[in-house]
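Enquirer: Enclosed is the structure file entry00.txt (compact mmCIF, C-alpha atoms and all ligand atoms).
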```txt
# COMPACT_ATOMS: atom_id res chain seq x y z
CA MET E 72 35.12 -31.14 -1.20
CA ALA E 73 36.43 -29.16 1.77
CA VAL E 74 36.80 -25.39 1.12
CA HIS E 75 39.65 -23.72 2.94
CA GLY E 76 41.22 -20.27 3.42
CA THR E 77 39.95 -17.18 1.55
CA ALA E 78 37.41 -19.14 -0.54
CA ALA E 79 35.72 -20.39 2.62
CA LYS E 80 35.71 -16.89 4.10
CA ARG E 81 34.17 -15.50 0.86
CA LEU E 82 31.46 -18.19 0.82
CA ARG E 83 30.62 -17.48 4.44
CA ARG E 84 30.38 -13.72 3.60
CA GLU E 85 27.97 -14.41 0.68
CA GLU E 86 25.48 -16.54 2.63
CA PRO E 87 22.87 -14.53 4.55
CA GLN E 88 24.21 -14.55 8.09
CA GLN E 89 22.17 -17.17 9.99
CA ARG E 90 21.30 -14.77 12.82
CA HIS E 91 18.27 -15.58 14.94
CA GLY E 92 15.69 -12.85 14.64
CA THR E 93 14.30 -10.87 17.54
CA TRP E 94 10.58 -10.22 17.96
CA ARG E 95 11.20 -6.90 16.18
CA ASP E 96 12.33 -8.81 13.07
CA TYR E 97 9.10 -10.83 13.06
CA ILE E 98 7.00 -7.69 13.57
CA SER E 99 8.86 -5.94 10.72
CA LEU E 100 7.46 -8.55 8.29
CA MET E 101 4.01 -6.98 8.83
CA LYS E 102 5.06 -3.57 7.41
CA LEU E 103 3.54 -1.64 10.32
CA GLY E 104 3.79 1.71 8.47
CA ILE E 105 1.60 0.58 5.59
CA THR E 106 -0.63 -1.54 7.87
CA THR E 107 -1.32 1.39 10.22
CA ALA E 108 -2.16 3.64 7.29
CA ASN E 109 -4.53 0.99 5.94
CA LEU E 110 -6.25 0.92 9.34
CA MET E 111 -6.65 4.70 9.10
CA ALA E 112 -8.41 4.12 5.78
CA THR E 113 -10.54 1.40 7.38
CA VAL E 114 -11.64 3.84 10.11
CA ALA E 115 -12.60 6.36 7.42
CA GLY E 116 -14.73 3.70 5.72
CA LEU E 117 -16.29 2.69 9.05
CA TRP E 118 -17.42 6.23 9.86
CA MET E 119 -18.70 6.81 6.32
CA GLY E 120 -20.60 3.49 6.32
CA ALA E 121 -22.16 4.19 9.70
CA HIS E 122 -22.93 7.87 8.95
CA GLY E 123 -20.68 8.87 11.84
CA HIS E 124 -22.10 6.47 14.45
CA PRO E 125 -20.40 3.06 14.34
CA GLY E 126 -20.76 0.86 17.42
CA TRP E 127 -17.51 0.62 19.40
CA LYS E 128 -17.55 -3.19 19.42
CA THR E 129 -17.79 -3.17 15.63
CA VAL E 130 -14.95 -0.62 15.42
CA VAL E 131 -12.61 -2.62 17.67
CA ILE E 132 -13.28 -6.03 16.09
CA THR E 133 -13.12 -4.63 12.55
CA LEU E 134 -9.78 -2.97 13.24
CA ILE E 135 -8.28 -6.07 14.86
CA GLY E 136 -9.54 -8.32 12.05
CA THR E 137 -8.42 -5.94 9.27
CA ALA E 138 -5.02 -5.41 10.93
CA MET E 139 -4.49 -9.17 10.97
CA VAL E 140 -5.48 -9.59 7.32
CA VAL E 141 -3.35 -6.65 6.11
CA ALA E 142 -0.40 -7.85 8.22
CA SER E 143 -0.95 -11.29 6.67
CA GLY E 144 -0.74 -9.79 3.18
CA ALA E 145 2.44 -7.89 4.05
CA THR E 146 4.06 -10.97 5.64
CA LEU E 147 3.18 -13.21 2.67
CA ASN E 148 4.44 -10.44 0.35
CA ASN E 149 7.76 -10.52 2.23
CA PHE E 150 7.82 -14.33 1.96
CA VAL E 151 7.27 -14.35 -1.82
CA ASP E 152 9.49 -11.32 -2.54
CA ARG E 153 12.55 -12.51 -0.57
CA ASP E 154 14.40 -13.38 -3.80
CA ILE E 155 13.96 -9.88 -5.26
CA ASP E 156 14.18 -7.97 -1.96
CA VAL E 157 17.77 -9.21 -1.55
CA ARG E 158 18.59 -7.51 -4.88
CA MET E 159 17.15 -4.05 -4.01
CA GLN E 160 19.04 -1.60 -1.78
CA ARG E 161 15.77 -0.35 -0.22
CA THR E 162 14.66 -3.85 0.89
CA SER E 163 17.89 -5.88 1.22
CA GLY E 164 18.09 -5.22 4.96
CA ARG E 165 14.71 -6.83 5.67
CA ALA E 166 14.31 -9.84 7.98
CA LEU E 167 14.06 -12.54 5.27
CA PRO E 168 16.84 -11.38 2.89
CA THR E 169 19.21 -11.08 5.89
CA GLY E 170 18.30 -14.52 7.21
CA LYS E 171 17.08 -13.14 10.56
CA VAL E 172 13.74 -14.91 9.99
CA GLN E 173 13.34 -18.23 8.22
CA PRO E 174 10.98 -18.26 5.16
CA VAL E 175 8.83 -21.07 6.58
CA SER E 176 8.21 -18.99 9.74
CA ALA E 177 7.02 -16.05 7.63
CA LEU E 178 4.75 -18.35 5.60
CA VAL E 179 3.16 -19.88 8.72
CA ILE E 180 2.73 -16.49 10.44
CA GLY E 181 1.25 -14.95 7.29
CA LEU E 182 -1.27 -17.76 6.76
CA ALA E 183 -2.23 -17.86 10.46
CA LEU E 184 -2.78 -14.08 10.61
CA GLY E 185 -4.93 -14.17 7.48
CA ALA E 186 -7.07 -17.08 8.66
CA ALA E 187 -7.58 -15.57 12.13
CA GLY E 188 -8.44 -12.14 10.75
CA LEU E 189 -10.96 -13.52 8.25
CA VAL E 190 -12.65 -15.67 10.91
CA LEU E 191 -12.90 -12.64 13.21
CA LEU E 192 -14.50 -10.49 10.51
CA ALA E 193 -16.86 -13.23 9.29
CA GLY E 194 -17.91 -14.32 12.78
CA TRP E 195 -18.18 -11.02 14.63
CA VAL E 196 -18.65 -8.30 11.97
CA ASN E 197 -20.38 -9.44 8.75
CA SER E 198 -19.80 -11.56 5.67
CA THR E 199 -19.46 -8.59 3.32
CA ALA E 200 -16.59 -7.15 5.37
CA ALA E 201 -14.94 -10.58 5.48
CA ALA E 202 -15.40 -11.03 1.73
CA CYS E 203 -13.78 -7.64 1.06
CA ALA E 204 -10.85 -8.62 3.28
CA PHE E 205 -10.47 -11.98 1.50
CA VAL E 206 -10.49 -10.31 -1.92
CA GLY E 207 -7.89 -7.76 -0.73
CA LEU E 208 -5.66 -10.50 0.68
CA VAL E 209 -5.77 -12.63 -2.48
CA MET E 210 -5.29 -9.55 -4.69
CA TYR E 211 -2.24 -8.40 -2.66
CA ALA E 212 -0.52 -11.63 -1.65
CA TYR E 213 -1.12 -13.52 -4.90
CA VAL E 214 -2.36 -11.48 -7.88
CA TYR E 215 -0.06 -8.48 -7.22
CA THR E 216 2.92 -10.08 -5.46
CA VAL E 217 3.28 -13.49 -7.14
CA TRP E 218 2.03 -12.58 -10.62
CA LEU E 219 1.69 -8.91 -11.67
CA LYS E 220 4.65 -7.27 -9.91
CA ARG E 221 7.07 -9.52 -11.82
CA THR E 222 5.36 -9.35 -15.22
CA THR E 223 3.66 -6.03 -16.03
CA THR E 224 3.77 -2.25 -15.50
CA LEU E 225 0.05 -2.57 -14.67
CA SER E 226 0.97 -4.12 -11.30
CA THR E 227 0.72 -0.77 -9.52
CA VAL E 228 -2.75 0.03 -10.86
CA LEU E 229 -4.13 -3.48 -10.27
CA GLY E 230 -2.33 -3.68 -6.90
CA GLY E 231 -4.40 -0.60 -6.11
CA LEU E 232 -7.52 -2.82 -6.09
CA ALA E 233 -6.04 -4.53 -3.02
CA GLY E 234 -5.01 -1.27 -1.42
CA ALA E 235 -8.53 0.15 -1.82
CA MET E 236 -10.16 -2.79 -0.01
CA PRO E 237 -9.50 -1.71 3.63
CA PRO E 238 -11.80 1.35 3.41
CA LEU E 239 -14.42 -0.93 1.82
CA ILE E 240 -14.01 -3.41 4.71
CA GLY E 241 -14.65 -0.52 7.08
CA TYR E 242 -17.64 0.75 5.08
CA ALA E 243 -19.21 -2.75 5.02
CA ALA E 244 -18.61 -3.09 8.77
CA GLY E 245 -20.19 0.30 9.48
CA SER E 246 -23.19 -0.15 7.17
CA GLY E 247 -24.20 -3.68 8.20
CA GLY E 248 -22.84 -5.13 4.97
CA ARG E 249 -24.45 -2.69 2.50
CA LEU E 250 -22.09 -1.32 -0.21
CA ASN E 251 -24.01 1.53 -1.83
CA LEU E 252 -22.74 4.04 -4.43
CA ALA E 253 -20.98 6.11 -1.76
CA ALA E 254 -19.02 3.00 -0.71
CA TRP E 255 -17.74 2.52 -4.24
CA VAL E 256 -16.84 6.22 -4.49
CA VAL E 257 -14.75 5.83 -1.29
CA PHE E 258 -13.15 2.74 -2.87
CA SER E 259 -12.44 4.69 -6.08
CA VAL E 260 -10.75 7.58 -4.24
CA PHE E 261 -8.29 5.19 -2.57
CA PHE E 262 -7.85 3.22 -5.81
CA LEU E 263 -6.98 6.37 -7.82
CA TRP E 264 -4.71 7.70 -5.02
CA GLN E 265 -2.28 4.77 -5.16
CA PRO E 266 -0.49 5.34 -8.50
CA PRO E 267 0.32 8.99 -7.55
CA HIS E 268 1.45 7.59 -4.16
CA PHE E 269 3.73 4.85 -5.43
CA LEU E 270 4.92 5.87 -8.91
CA PRO E 271 7.07 8.76 -7.55
CA LEU E 272 8.77 6.21 -5.28
CA ALA E 273 9.21 3.87 -8.25
CA MET E 274 10.95 6.77 -10.08
CA LYS E 275 13.24 7.34 -7.10
CA ARG E 276 14.04 3.59 -6.91
CA VAL E 277 14.12 2.91 -10.67
CA GLU E 278 17.64 1.41 -10.59
CA ASP E 279 16.65 -0.87 -7.67
CA TYR E 280 13.70 -2.20 -9.66
CA ARG E 281 15.80 -2.51 -12.85
CA ALA E 282 18.43 -4.52 -10.93
CA ALA E 283 15.75 -6.83 -9.56
CA GLY E 284 14.13 -7.25 -12.99
CA ILE E 285 10.82 -5.73 -11.78
CA PRO E 286 8.94 -4.04 -14.68
CA MET E 287 7.70 -0.96 -12.78
CA LEU E 288 6.47 1.81 -15.09
CA PRO E 289 9.58 4.07 -14.91
CA VAL E 290 11.84 1.07 -15.64
CA VAL E 291 9.92 0.13 -18.79
CA ARG E 292 8.52 3.46 -20.05
CA GLY E 293 10.79 6.10 -18.43
CA TYR E 294 10.11 9.20 -16.31
CA THR E 295 8.01 11.26 -18.78
CA GLU E 296 5.35 8.55 -19.28
CA THR E 297 5.36 7.94 -15.50
CA LYS E 298 4.81 11.65 -14.76
CA TRP E 299 1.93 11.81 -17.23
CA GLN E 300 0.27 8.78 -15.63
CA ILE E 301 0.71 10.33 -12.17
CA LEU E 302 -1.06 13.44 -13.49
CA VAL E 303 -3.89 11.45 -15.12
CA TYR E 304 -4.67 9.45 -11.97
CA THR E 305 -4.48 12.58 -9.79
CA ALA E 306 -6.76 14.46 -12.22
CA ALA E 307 -9.27 11.59 -11.98
CA MET E 308 -9.00 11.28 -8.19
CA VAL E 309 -9.88 14.91 -7.38
CA PRO E 310 -13.35 15.12 -8.98
CA VAL E 311 -14.20 11.59 -7.80
CA SER E 312 -13.34 12.64 -4.23
CA LEU E 313 -15.81 15.54 -4.54
CA LEU E 314 -18.61 13.11 -5.50
CA LEU E 315 -18.99 12.18 -1.81
CA TYR E 316 -20.23 15.73 -1.17
CA ALA E 317 -22.48 15.61 -4.26
CA LEU E 318 -23.97 12.32 -3.01
CA GLN E 319 -24.54 13.98 0.38
CA ALA E 320 -22.37 11.27 1.98
CA ALA E 321 -19.97 13.87 3.41
CA GLY E 322 -20.33 17.50 4.45
CA VAL E 323 -18.77 20.87 3.69
CA ILE E 324 -15.67 20.34 5.86
CA TYR E 325 -14.85 17.22 3.84
CA LEU E 326 -15.58 19.14 0.61
CA LEU E 327 -13.12 21.90 1.53
CA VAL E 328 -10.37 19.42 2.52
CA ALA E 329 -10.83 17.32 -0.62
CA LEU E 330 -10.96 20.43 -2.84
CA VAL E 331 -8.00 22.35 -1.37
CA LEU E 332 -5.67 19.34 -0.95
CA GLY E 333 -6.82 17.88 -4.26
CA VAL E 334 -5.93 21.10 -6.11
CA ILE E 335 -2.53 21.21 -4.36
CA PHE E 336 -1.96 17.52 -5.34
CA LEU E 337 -2.94 18.32 -8.93
CA TRP E 338 -0.69 21.40 -9.08
CA ARG E 339 2.27 19.42 -7.74
CA ALA E 340 1.63 16.67 -10.31
CA VAL E 341 1.58 19.26 -13.12
CA GLN E 342 4.86 20.74 -11.84
CA GLY E 343 6.45 17.36 -12.51
CA LEU E 344 6.06 17.89 -16.26
CA PHE E 345 8.28 20.99 -16.11
CA THR E 346 10.74 20.25 -13.30
CA LYS E 347 14.45 19.71 -13.90
CA ASP E 348 14.80 18.01 -10.49
CA ASP E 349 12.82 14.80 -11.14
CA LEU E 350 13.90 12.98 -7.99
CA GLY E 351 13.44 15.94 -5.67
CA TRP E 352 9.95 16.45 -7.12
CA ALA E 353 9.18 12.70 -6.80
CA ASN E 354 10.29 12.68 -3.16
CA ARG E 355 8.06 15.63 -2.32
CA LEU E 356 5.06 14.15 -4.16
CA PHE E 357 5.43 10.77 -2.40
CA ARG E 358 5.48 12.51 0.96
CA PHE E 359 2.53 14.74 0.00
CA SER E 360 0.54 11.64 -1.02
CA LEU E 361 0.70 10.55 2.64
CA VAL E 362 -0.38 14.01 3.85
CA TYR E 363 -3.33 13.87 1.43
CA LEU E 364 -4.25 10.33 2.54
CA THR E 365 -4.26 11.33 6.23
CA ALA E 366 -6.26 14.51 5.63
CA ILE E 367 -8.90 12.75 3.51
CA CYS E 368 -9.30 10.01 6.15
CA VAL E 369 -9.65 12.56 8.96
CA ALA E 370 -12.19 14.55 6.93
CA MET E 371 -14.25 11.39 6.31
CA VAL E 372 -14.31 10.71 10.06
CA VAL E 373 -15.02 14.31 11.07
CA ASN E 374 -17.71 15.04 8.49
CA PRO E 375 -19.75 12.04 7.32
CA LEU E 376 -23.46 12.66 6.69
C1 LIG E 401 -0.34 -0.15 -5.41
C2 LIG E 401 -0.38 0.04 -4.08
C3 LIG E 401 0.80 0.46 -3.26
C4 LIG E 401 2.13 0.34 -3.51
C5 LIG E 401 2.81 -0.28 -4.73
C6 LIG E 401 2.83 0.89 -2.38
C7 LIG E 401 4.21 0.93 -2.25
C8 LIG E 401 4.87 1.48 -1.18
C9 LIG E 401 6.30 1.37 -0.97
C10 LIG E 401 7.26 0.60 -1.86
C11 LIG E 401 6.60 2.06 0.15
C12 LIG E 401 7.97 2.24 0.79
C13 LIG E 401 8.09 1.16 1.85
C14 LIG E 401 9.54 0.93 2.26
O1 LIG E 401 10.43 1.56 1.70
O2 LIG E 401 9.74 0.07 3.13
C15 LIG E 401 5.36 2.60 0.65
C16 LIG E 401 5.28 3.36 1.80
C17 LIG E 401 4.08 3.69 2.38
N1 LIG E 401 2.83 3.37 1.90
FE1 LIG E 401 2.37 2.53 0.14
N2 LIG E 401 1.94 1.36 -1.45
C18 LIG E 401 0.69 1.08 -1.95
C19 LIG E 401 -0.50 1.33 -1.32
C20 LIG E 401 -0.60 1.94 -0.10
C21 LIG E 401 -1.84 2.09 0.63
C22 LIG E 401 -3.19 1.58 0.16
C23 LIG E 401 -1.53 2.75 1.77
C24 LIG E 401 -2.42 3.20 2.88
C25 LIG E 401 -3.74 3.31 2.76
C26 LIG E 401 -0.10 3.02 1.77
C27 LIG E 401 0.57 3.68 2.77
C28 LIG E 401 1.93 3.83 2.83
C29 LIG E 401 2.64 4.49 3.93
C30 LIG E 401 2.00 5.15 5.16
C31 LIG E 401 4.00 4.42 3.64
C32 LIG E 401 5.16 5.07 4.44
C33 LIG E 401 5.43 4.25 5.66
C34 LIG E 401 6.38 3.13 5.35
O3 LIG E 401 7.31 3.36 4.54
O4 LIG E 401 6.22 2.05 5.91
N3 LIG E 401 0.44 2.52 0.61
N4 LIG E 401 4.32 2.25 -0.19
C1 LIG E 402 -7.15 -6.52 2.82
C2 LIG E 402 -5.77 -6.34 2.31
C3 LIG E 402 -4.77 -7.43 2.56
C4 LIG E 402 -5.44 -5.24 1.64
C5 LIG E 402 -4.05 -4.91 1.19
C6 LIG E 402 -3.68 -3.52 1.75
C7 LIG E 402 -2.26 -3.20 1.34
C8 LIG E 402 -1.16 -3.66 2.21
C9 LIG E 402 -2.03 -2.51 0.23
C10 LIG E 402 -0.66 -2.18 -0.25
C11 LIG E 402 -0.51 -2.86 -1.58
C12 LIG E 402 0.89 -2.81 -2.10
C13 LIG E 402 0.96 -3.08 -3.53
C14 LIG E 402 1.96 -2.57 -1.32
C15 LIG E 402 3.37 -2.54 -1.85
O1 LIG E 402 3.93 -3.83 -1.88
P1 LIG E 402 5.38 -3.96 -2.53
O2 LIG E 402 5.77 -5.40 -2.55
O3 LIG E 402 5.40 -3.24 -3.83
O4 LIG E 402 6.29 -3.13 -1.49
P2 LIG E 402 7.82 -3.46 -1.08
O5 LIG E 402 8.62 -3.44 -2.33
O6 LIG E 402 8.16 -2.32 -0.13
O7 LIG E 402 7.80 -4.79 -0.40
```
Could you write out this file's structure as structure tokens?
Ligand code: HEM
Ligand SMILES: CC(C)=CCC/C(C)=C/CC/C(C)=C/COP(=O)(O)OP(=O)(O)O

Expert:
Amino acid sequence: MAVHGTAAKRLRREEPQQRHGTWRDYISLMKLGITTANLMATVAGLWMGAHGHPGWKTVVITLIGTAMVVASGATLNNFVDRDIDVRMQRTSGRALPTGKVQPVSALVIGLALGAAGLVLLAGWVNSTAAACAFVGLVMYAYVYTVWLKRTTTLSTVLGGLAGAMPPLIGYAAGSGGRLNLAAWVVFSVFFLWQPPHFLPLAMKRVEDYRAAGIPMLPVVRGYTETKWQILVYTAAMVPVSLLLYALQAAGVIYLLVALVLGVIFLWRAVQGLFTKDDLGWANRLFRFSLVYLTAICVAMVVNPL
């Protein structure tokens, strides 16, 4: 049945405009901000695994391979999440919800990046690094994105298993495939860091997630429970981060950075329990989580033993 006049105009307005994407739109699928930060974590793992002396060929190939696998995870996450991203103000302008990039293109690019990155790591680094990358990719693109994010408040914590894999990829690359206790302590620091990194953002975007039907912790259990969990994970992360010094895997400079910034992180998390300005506090904590991440990665590079 032909549709004429205002109804036709309204229909045209509701469909995502079929605009052909530029190369920037395709690149945006890879979430370069998060991917770059994951490479920073990979470098930290590399230097820790190699006790400060990784070979440059290993560094370059590991970073290219890990970048491809993380970009693959982000692109596949965009492909799967396009139905919910269109319903959240923060993500509705992305390339897939706006129709700038076709879903099948994102799927093909995501799968190709993942396959190429895994082959690079397996063929030119080592099988342990490739295995860590494969686990991270499956955990992020499938377990977190397809399954957990839509069904449980535990998605953030379990998604943290994926987010803690890049430093382990780096550690495996730097150590010739050996994942000793220090490797798992590095993994644990990044694992414990992620809830205090993301949950403040989830608080800020609680109405977005409620509108999209995503059961993030603040949507289901409210701000108070979320603030307590932020405090618990931060309180666990600080002493675990100091274990690297106790294991003689990192030196005094690292110890001072982890101690001072860890105490500041902890104090800011405690402040959340008493603040009247929840969203202002959440904004500041999210931003500080990135400062802490950067400082810890730099300290691991500067002062491995
Ligand atoms: C459970 C795991 C994680 C969740 C749920 C999460 C979630 C998010 C979200 C929703 C944003 C805002 C992005 C936007 O608005 O477009 C963000 C930003 C960011 N995340 Fe995470 N993240 C996680 C793990 C990580 C990890 C492991 C890293 C790095 C090692 C990281 C680094 C960053 C950075 C640097 C930004 C700011 C840059 C940007 O917005 O692109 N995140 N995160
Ligand atoms: C080896 C490998 C692939 C490791 C994964 C590293 C990585 C990208 C970790 C971040 C994990 C994560 C849950 C991001 C947020 O996705 P989201 O869907 O909650 O964010 P969005 O709402 O902004 O899309």

Enquirer: Within 8 Å of ligand LIG 401 (chain E), counting all atoms listed in the file, which protein or nucleic acid residues do you find, written as a PDB file with C-alpha atoms, in the coordinates of the input?

Expert:
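What ended up in out31.pdb:
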```pdb
ATOM      1  CA  LYS E 102       5.060  -3.570   7.410  1.00  0.00           C
ATOM      2  CA  LEU E 103       3.540  -1.640  10.320  1.00  0.00           C
ATOM      3  CA  GLY E 104       3.790   1.710   8.470  1.00  0.00           C
ATOM      4  CA  ILE E 105       1.600   0.580   5.590  1.00  0.00           C
ATOM      5  CA  THR E 106      -0.630  -1.540   7.870  1.00  0.00           C
ATOM      6  CA  THR E 107      -1.320   1.390  10.220  1.00  0.00           C
ATOM      7  CA  ALA E 108      -2.160   3.640   7.290  1.00  0.00           C
ATOM      8  CA  ASN E 109      -4.530   0.990   5.940  1.00  0.00           C
ATOM      9  CA  LEU E 110      -6.250   0.920   9.340  1.00  0.00           C
ATOM     10  CA  MET E 111      -6.650   4.700   9.100  1.00  0.00           C
ATOM     11  CA  ALA E 112      -8.410   4.120   5.780  1.00  0.00           C
ATOM     12  CA  ARG E 161      15.770  -0.350  -0.220  1.00  0.00           C
ATOM     13  CA  THR E 162      14.660  -3.850   0.890  1.00  0.00           C
ATOM     14  CA  SER E 226       0.970  -4.120 -11.300  1.00  0.00           C
ATOM     15  CA  THR E 227       0.720  -0.770  -9.520  1.00  0.00           C
ATOM     16  CA  VAL E 228      -2.750   0.030 -10.860  1.00  0.00           C
ATOM     17  CA  LEU E 229      -4.130  -3.480 -10.270  1.00  0.00           C
ATOM     18  CA  GLY E 230      -2.330  -3.680  -6.900  1.00  0.00           C
ATOM     19  CA  GLY E 231      -4.400  -0.600  -6.110  1.00  0.00           C
ATOM     20  CA  LEU E 232      -7.520  -2.820  -6.090  1.00  0.00           C
ATOM     21  CA  ALA E 233      -6.040  -4.530  -3.020  1.00  0.00           C
ATOM     22  CA  GLY E 234      -5.010  -1.270  -1.420  1.00  0.00           C
ATOM     23  CA  ALA E 235      -8.530   0.150  -1.820  1.00  0.00           C
ATOM     24  CA  PRO E 237      -9.500  -1.710   3.630  1.00  0.00           C
ATOM     25  CA  PHE E 261      -8.290   5.190  -2.570  1.00  0.00           C
ATOM     26  CA  PHE E 262      -7.850   3.220  -5.810  1.00  0.00           C
ATOM     27  CA  GLN E 265      -2.280   4.770  -5.160  1.00  0.00           C
ATOM     28  CA  PRO E 266      -0.490   5.340  -8.500  1.00  0.00           C
ATOM     29  CA  HIS E 268       1.450   7.590  -4.160  1.00  0.00           C
ATOM     30  CA  PHE E 269       3.730   4.850  -5.430  1.00  0.00           C
ATOM     31  CA  LEU E 270       4.920   5.870  -8.910  1.00  0.00           C
ATOM     32  CA  LEU E 272       8.770   6.210  -5.280  1.00  0.00           C
ATOM     33  CA  ALA E 273       9.210   3.870  -8.250  1.00  0.00           C
ATOM     34  CA  LEU E 361       0.700  10.550   2.640  1.00  0.00           C
ATOM     35  CA  LEU E 364      -4.250  10.330   2.540  1.00  0.00           C
TER      36      LEU E 364
END
```

Enquirer: So which residues touch range 130-141 of chain E within 8 Å, counting only C-alpha atoms, skipping near sequence neighbours fewer than 2 positions away, as an NGL selection string?

Expert: :E and (101 or 106-107 or 109-110 or 113-114 or 117 or 125-128 or 143-145 or 184-189 or 191-192 or 195-196 or 204 or 208 or 237 or 240-241 or 244-245)

Enquirer: Considering only C-alpha atoms and all ligand atoms, state which residue in the set E:Ala353, E:Val311, E:Val206, E:Val175 is at the smallest distance from ligand LIG 402 (chain E).

Expert: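 Looking only at the distances to ligand LIG 402 (chain E), the closest residue turns out to be E:Val206.
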
Enquirer: Could you please determine the separation between CA of Arg153 in chain E and CA of Gly170 in chain E in Å, to one decimal place?

Expert: 9.9 Å

Enquirer: What does the distance from CA of Val190 in chain E to atom C11 of ligand LIG 402 (chain E) come to in Å, to one decimal?

Expert: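 CA of Val190 in chain E sits 21.6 Å away from atom C11 of ligand LIG 402 (chain E).
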
Enquirer: When you draw a straight line from CA of Arg281 in chain E to atom C14 of ligand LIG 402 (chain E), how long is it in Å?

Expert: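 One can read the CA of Arg281 in chain E to atom C14 of ligand LIG 402 (chain E) distance as 18.0 Å.
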
Enquirer: Compare E:Ala283, E:Val334, E:Val323, E:Leu313 by their minimum atom-to-atom distance to ligand LIG 402 (chain E), counting only C-alpha atoms and all ligand atoms, and give me the closest one.

Expert: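 Ranked by minimum distance to ligand LIG 402 (chain E), first place goes to E:Ala283.
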
Enquirer: Which one of E:Val209, E:Ile335, E:Cys368, E:Val309 sits closest to ligand LIG 402 (chain E) if you count all atoms listed in the file?

Expert: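 Using all atoms listed in the file, ligand LIG 402 (chain E) sits closest to E:Val209.
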
Enquirer: With only C-alpha atoms as the atoms that count, which of E:Arg165, E:Ala115, E:Tyr97, E:Trp352 lies nearest to Val179 in chain E?

Expert: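 Of all the options, E:Tyr97 lies closest to Val179 in chain E.
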
Enquirer: Counting all atoms listed in the file, figure out which residue out of E:Ser246, E:Gln319, E:Gln173, E:Thr216 gets nearest to Ser198 in chain E.

Expert: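 Between E:Ser246, E:Gln319, E:Gln173, E:Thr216, the residue approaching Ser198 in chain E most closely is E:Ser246.
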
Enquirer: Need to verify the contact set: range 341-347 of chain E, 10 Å, all atoms listed in the file, exclusion of same-chain residues closer than 6 positions in sequence. Can you return it as a ChimeraX atom specification?

Expert: /E:271,294-299,301-303,305-306,335,353,356

Enquirer: Fewer than 2 positions away in the same chain doesn't count, so skip those; otherwise give me all residues within 8 Å of Val260 in chain E, counting all atoms listed in the file, as a PyMOL selection string.

Expert: chain E and resi 256-258+262-264+308+311-312
